[in-house]
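Below you'll find the structure, written out as structure tokens, and then a few comments.
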Amino acid sequence: MEGASELAVHARPQAAPLLSAGVGWRRRAVNTAMTVLIGGAFALAMIPLFSLLFEVAKRGIPGLSVEFFTSDARGVVGGGGAAHAIAGTLIITAVAAAISVPIGIMAAVYLNEYGTGRLRRGLTFFVDVMTGIPSIVAGLFAYALFELFLGPGIRLGVMGSVALSVLMVPIVIRSAEEVLKIVPDHLREAAHALGTPKWRIVTKVVLPTAFAGLVTGVMIAVARIVGETAPLLVTTGVVDSMNTDPFNGRMQNLAVYAYNEYRSPGVMKQAAYDHAWAAALTLIAIVMVLNVLARVIYRRYKTEIR
Amino acid sequence: MGRVFSGTALAAALAVLCLLGGVAVFLLSEGLPALTAGASELPGGKSFVDYAAPLAFGTVLAAAIAALVAVPLAVAVALFITHVAPPRLALTLGYLVDLLAAIPSIVYGLWGIFVLGPAAVPAMEWLQARLGFLPFFEGPASATGRTMLVAGLVLAVMILPIVSAVAREAFAQAPRRLQEGAQALGATRWETIRMSVLPFGRSSVISGAMLGLGRALGETMAVTIILSVSGAVSFNLISQANPSTIAANIALDFPESSGLAINALIATGLVLFAITMATNMAARAIIGRQAGAR
Amino acid sequence: MSRFRWLAVTVFAAGLALGVVACGSSESGSGAGSSSGGLSGEFAGAGSTAQQAAQEAWIAEFENANSGVTISYDPVGSGGGREQFIAGGTAYAGSDAALSTEEGELEKAEKRCAPGELIEVPDYISPIAIVYNLPGVEGLKLDPETLAKIFNQEIASWNDAAIAKDNPGVELPDTRITPVNRSDESGTTENFTEYLSEVVPSVWTHEVSGDWPVKGGEAASGTSGVVEAVSAGEGAIGYADASQAGELSVAKIKVGGEWAEPSAAAAAKVLEESPLDKELSPTRNVIAYELDRKTESSGTYPIVLTSYLVACSRYGSASEAEAVKSYLEYVVSPEGQELAARQAGSAPLSPALAQKVAPAIESIEAG
């Protein structure tokens, strides 16, 4: 038996003292060099992060206020708040996730567990190619789709969600597929040997094992789309007033709001810029909260493979 | 019940196929008029090939810079979090890297022109002075820093979290037996990583790289804001005359376009389709070749 | 299995809460309530980004006075605005260029408005300033030929003889000139290139279009982009909406014998002195101008952008027609134009122009 196996958070080899005398200086030097390189890479990656966060905070905090969070911009020139934009972002993202996540994960299950032949190849092909679709094209597609059924000039919150789903689905599928692939076959085989039907193997063995990784994949996809501007510009439109119904009328969101404030600040330039940065800061905060939630879930459900 | 479940999975797969296939149909039907039109009808009076080629070149160049910088960095970051850093910090560090993905693309664009661009100007001038004989650094170095190099670097930062997250998942799941075995034989930490962890994670890293590359190829807002788009095909990374990318070109021209010009823009979307398809097929081929390694 | 139960419950509860909020709010949501002005309804406009700030200001004030009306303006760009109007998706459009006879745009718009008539009037005039970044040099003077040569990249450094000739006594450094242009297709570019090709056709031989024709300069997206780029680069010079120039130095351009600065009054005067474009103004309610860029009169500044309002004289419902008419009347009224001048930096329509424009709006059949 392997002794007290704590479910460690991650795999981390400890230096083994068994044959330390046998580790020549050259190999040690390489080891040290690579460790420094790897540590240095991490530090390098942190520089832009802190620079970005610093800049957004520095420029965005002046724009924050109670008004920013509680009132919309209806009837106010060059001022007002962004509550309508915040609500819009949350609603549009939630609807997009509701569309993409179930479909994406089930499709990944199909690809990895059931799929054979032409459908599998066709789907893989499309998913691969769609990871590169420009966000504005996704928006144009969603607009064309709704225009087909509802006539020209239509603008709805749910159109934005559909456009974002087009962007999310390939990411969810690709990352879910990777995570499902990593679940070792011996787990499946063991369950199979016990006579478990296939669907139960998937739901009771594969998915729970992969659960934490699936959450990470979904988080990546959500983070990808929450700050998207281009597709929403052509689908959800621009509006000053609060609207919480995604199936009726235009809906504002933080990304488009920030972009508009930056692009057309009017005469009160600084106030508009402050609003834009404050909206960006709020967006980042929303994703941070979602990320924390995902991390909590991850920690609770992470299983390690021996 | 088994049928219900597998049926649901199949239905989901078909639904996705319909959705993504629908996008392909859209691109084809809207883009076709431009592909078949003569040079005189298209914007700029050039044939479609002349119109799209510089855009395709710019797209690939920017994405290549991004991938070349981001993938090694992401692998190193993932290794750091899973194998070098103290275990207790791992979640927090992972969270920090994932935070890069939380930042909206407009903010990346604005950061590029306000912070990175001006900061890069001295570096680009140095590159022109010392390495100016290379076509990449011919210069003259831009005064504002809004160059292909800076755009590529910003894209690299944008795709870093995607590649790193996928790599992290794989490295964390590398079988401990293999690693412990290596240590038992006296391997150093780096050797253990090199022998047991990296090979295990290779296909995931490539998949992650493809996801990241896809993002870089299709990124619209950041490139639109940063890049000084005013040139033809050129490898010059530090000047103000850069070719545009397909996505940025659509965003820049779509608002004021009408009629055949819009069809031309969508047709360039088709070209991007083809580019993404080619790179993904290459990646799948590479992964496929080591299918036995798992 | 029970591990996931709390997760499932949480997700379900969140979804339920969101649904309740959405349903609840849509009751009290957009527009339909008793209004102070008696007007009610919802309509949309789309188009020019140049007009965006002004449209936002007009909408805000109008909605304040008429709480029963909800208006939205999508700054999708002039091309998109015209297309959406023609397709019937919007009630009005903002366009930096008058509807053209190319691809039958004018006829299609007339068809959309049938059995009513097409209305097109200028509602937004803005001077385009030539901004530059040259520390220590104030009040730079440039004549049109020098200006064209700079943007055509024929003059490479600031201490060139052509520039020095018009700026005696000013110490010009030998910094490299970085001309900044728009990377996106824009009405500002179209108007600027139109000015250059009409006034100095020997130097500026490029075709007039919304896409900047000269390769190799510094390109930035949007007016803010140009302003940021000029601010960031020493030796940079660019063209941008005067209201966005901010702290940047503005050059004086030679008009006739004088050195003109961009100002609201000077811009409006150009429009006053310009004739109607006969080809693009077939009916009495379509008022499209052919700007006289070559004007030499005193007090004018010919580098201007004129943006138009496109509407119909008849709409589907009486209440929509009433609301649209009331809004458009406000837009072209002195109060509306003053508001736009304050909030967006545009030039208000001169009284003479306002008189010409008002009857076209009046022709909207309401009630």
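Each chain in the structure tokens gets a letter, A, B and so on, in the order shown; residues start at 1 in every chain, and ligands are counted from 1 in the order they appear.
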
* With a distance threshold of 8 Å and counting only C-alpha atoms, extract the residues of chain C near chain A and express them as a ChimeraX atom specification. => /C:18,21-23,25-26,29-30,49-50,52-54,56-57,59-64,71-76,84,87-90,222-224,243-244,342-345

So that I have them on file, write out the residues from the current selection with C-alpha atoms, as a JSON list (two decimals), in the first residue's frame.
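selection08.json written:
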[["chain", "number", "residue", "atom", "x", "y", "z"],
["C", 18, "LEU", "CA", -32.61, 35.89, -12.43],
["C", 21, "VAL", "CA", -35.98, 39.73, -11.74],
["C", 22, "ALA", "CA", -36.23, 39.70, -15.51],
["C", 23, "CYS", "CA", -39.96, 39.10, -15.55],
["C", 25, "SER", "CA", -38.64, 44.37, -14.31],
["C", 26, "SER", "CA", -39.98, 44.03, -17.79],
["C", 29, "GLY", "CA", -39.40, 48.56, -18.07],
["C", 30, "SER", "CA", -39.16, 50.42, -21.30],
["C", 49, "THR", "CA", -20.49, 57.96, -35.28],
["C", 50, "ALA", "CA", -19.62, 61.62, -35.78],
["C", 52, "GLN", "CA", -23.09, 60.09, -31.78],
["C", 53, "ALA", "CA", -22.32, 62.49, -28.97],
["C", 54, "ALA", "CA", -24.88, 64.96, -30.27],
["C", 56, "GLU", "CA", -26.98, 61.10, -27.16],
["C", 57, "ALA", "CA", -27.38, 64.62, -25.83],
["C", 59, "ILE", "CA", -32.06, 61.90, -26.79],
["C", 60, "ALA", "CA", -31.31, 62.57, -23.14],
["C", 61, "GLU", "CA", -32.93, 66.00, -23.12],
["C", 62, "PHE", "CA", -35.90, 64.83, -25.15],
["C", 63, "GLU", "CA", -36.53, 61.82, -22.94],
["C", 64, "ASN", "CA", -36.36, 64.09, -19.92],
["C", 71, "ILE", "CA", -35.28, 56.52, -28.28],
["C", 72, "SER", "CA", -32.07, 54.75, -29.10],
["C", 73, "TYR", "CA", -29.31, 55.61, -31.54],
["C", 74, "ASP", "CA", -26.91, 52.92, -32.74],
["C", 75, "PRO", "CA", -23.58, 54.36, -33.82],
["C", 76, "VAL", "CA", -22.97, 51.61, -36.38],
["C", 84, "GLN", "CA", -30.89, 49.92, -41.93],
["C", 87, "ALA", "CA", -34.51, 48.19, -44.98],
["C", 88, "GLY", "CA", -37.09, 49.75, -42.70],
["C", 89, "GLY", "CA", -35.34, 48.75, -39.49],
["C", 90, "THR", "CA", -34.98, 52.27, -38.10],
["C", 222, "GLY", "CA", -11.42, 56.64, -34.39],
["C", 223, "THR", "CA", -11.11, 60.34, -33.64],
["C", 224, "SER", "CA", -9.90, 59.57, -30.12],
["C", 243, "SER", "CA", -14.32, 69.35, -30.63],
["C", 244, "GLN", "CA", -11.99, 66.50, -29.66],
["C", 342, "ARG", "CA", -22.28, 72.56, -25.83],
["C", 343, "GLN", "CA", -22.14, 68.79, -25.48],
["C", 344, "ALA", "CA", -20.60, 67.66, -28.74],
["C", 345, "GLY", "CA", -18.74, 70.74, -29.93]]

Hey, could you make a per-residue contact list for chain B against chain C with 9 Å as the cut-off, showing the nearest pair of atoms and its distance in Å to one decimal, counting only C-alpha atoms, sorted by chain and number, as CSV?
residue,atom,partner,partner_atom,distance
B:Gly44,CA,C:Asp211,CA,9.0
B:Ile113,CA,C:Ala229,CA,8.2
B:Phe114,CA,C:Ala232,CA,8.4
B:Pro118,CA,C:Ala232,CA,7.5
B:Ser142,CA,C:Glu218,CA,8.2
B:Ala143,CA,C:Gly233,CA,5.2
B:Thr144,CA,C:Gly233,CA,5.0
B:Gly145,CA,C:Gly233,CA,8.8
B:Arg146,CA,C:Glu218,CA,8.3
B:Thr224,CA,C:Ser221,CA,6.6
B:Ile225,CA,C:Ser221,CA,5.8
B:Ile226,CA,C:Ala220,CA,7.6
B:Leu227,CA,C:Ala220,CA,7.2
B:Ser228,CA,C:Ala219,CA,4.3
B:Val229,CA,C:Ala219,CA,5.2
B:Ser230,CA,C:Lys215,CA,5.0
B:Gly231,CA,C:Lys215,CA,5.2
B:Ala232,CA,C:Lys215,CA,7.7
B:Ser239,CA,C:Gly216,CA,8.9
B:Gln240,CA,C:Glu218,CA,5.3
B:Ala241,CA,C:Gly216,CA,4.6
B:Asn242,CA,C:Gly216,CA,7.9
B:Asn249,CA,C:Asp184,CA,8.0
B:Ala251,CA,C:Asp184,CA,8.0
B:Leu252,CA,C:Asp184,CA,4.3
B:Asp253,CA,C:Glu185,CA,5.3
B:Phe254,CA,C:Gly80,CA,7.9
B:Pro255,CA,C:Gly77,CA,4.2
B:Glu256,CA,C:Gly79,CA,4.2
B:Ser257,CA,C:Gly79,CA,5.1
B:Ser258,CA,C:Gly79,CA,5.5
B:Gly259,CA,C:Glu103,CA,8.2

* Exercise: Ile171 (chain A) partners within 8 Å, only C-alpha atoms, chain neighbours under 6 positions left out, as a list in words -> Thr131, Gly217, Ile220 and Ala221 of chain A; Leu211 of chain B

* Those of region 115-227 of chain C in DSSP alpha helix (DSSP H), formatted as a count of residues only -> 33

* Asked: Per DSSP on the backbone, what are the strand (DSSP E or B) residues of region 137-336 of chain C, as a ChimeraX atom specification?
  -> /C:141-142,157,176,178-182,218-220,236-241,249-250,252-255,258-260,276,286,289,304-312

Excluding Ala266 (chain C) and its own-chain neighbours fewer than 6 positions away, which residues fall within 9 Å of it when counting only C-alpha atoms? Please give them as a short mmCIF file (atom, residue, chain, number, x, y, z; two decimals) with N, CA and C atoms, in the first residue's frame.
data_model
loop_
_atom_site.label_atom_id
_atom_site.label_comp_id
_atom_site.auth_asym_id
_atom_site.auth_seq_id
_atom_site.Cartn_x
_atom_site.Cartn_y
_atom_site.Cartn_z
N PRO C 127 -16.30 71.43 -37.63
CA PRO C 127 -15.03 71.72 -38.29
C PRO C 127 -14.01 70.62 -37.99
N ALA C 260 -7.11 81.02 -41.31
CA ALA C 260 -8.36 80.69 -40.61
C ALA C 260 -8.15 79.59 -39.59
N SER C 298 -13.89 85.71 -46.33
CA SER C 298 -13.35 85.93 -44.99
C SER C 298 -14.28 85.28 -43.98
N GLY C 299 -13.70 84.74 -42.94
CA GLY C 299 -14.52 84.18 -41.87
C GLY C 299 -15.04 82.78 -42.14
N THR C 300 -14.48 82.13 -43.16
CA THR C 300 -14.90 80.74 -43.39
C THR C 300 -13.74 79.79 -43.09
N TYR C 301 -14.09 78.56 -42.82
CA TYR C 301 -13.10 77.50 -42.62
C TYR C 301 -13.63 76.29 -43.37
N PRO C 302 -13.06 76.03 -44.54
CA PRO C 302 -13.69 75.05 -45.43
C PRO C 302 -13.46 73.58 -45.11
N ALA C 347 -21.10 72.88 -34.75
CA ALA C 347 -21.50 74.24 -35.10
C ALA C 347 -23.00 74.27 -35.27
#

* Exercise: Glu67 (chain A) partners within 6 Å, only C-alpha atoms, chain neighbours under 3 positions left out, as a ChimeraX atom specification -> /A:70-71,81

Would you write out those residues with N, CA and C atoms, as a PDB file, in the first residue's frame?
ATOM      1  N   THR A  70     -26.128  52.361  -9.401  1.00  0.00           N
ATOM      2  CA  THR A  70     -27.559  52.264  -9.140  1.00  0.00           C
ATOM      3  C   THR A  70     -28.442  52.906 -10.182  1.00  0.00           C
ATOM      4  N   SER A  71     -27.910  53.799 -10.996  1.00  0.00           N
ATOM      5  CA  SER A  71     -28.834  54.403 -11.950  1.00  0.00           C
ATOM      6  C   SER A  71     -28.357  54.184 -13.370  1.00  0.00           C
ATOM      7  N   GLY A  81     -25.386  56.823 -14.586  1.00  0.00           N
ATOM      8  CA  GLY A  81     -24.694  55.649 -14.094  1.00  0.00           C
ATOM      9  C   GLY A  81     -24.620  54.553 -15.134  1.00  0.00           C
TER      10      GLY A  81
END

* Asked: When you draw a straight line from CA of Val331 (chain C) to CA of Pro282 (chain C), how long is it in Å?
  ->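 Between CA of Val331 (chain C) and CA of Pro282 (chain C) the gap is 23.4 Å.
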
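The residue that comes closest to chain A, out of B:Val223, B:Leu73, B:Leu68, B:Ala34 and on the basis of only C-alpha atoms, is B:Leu73.
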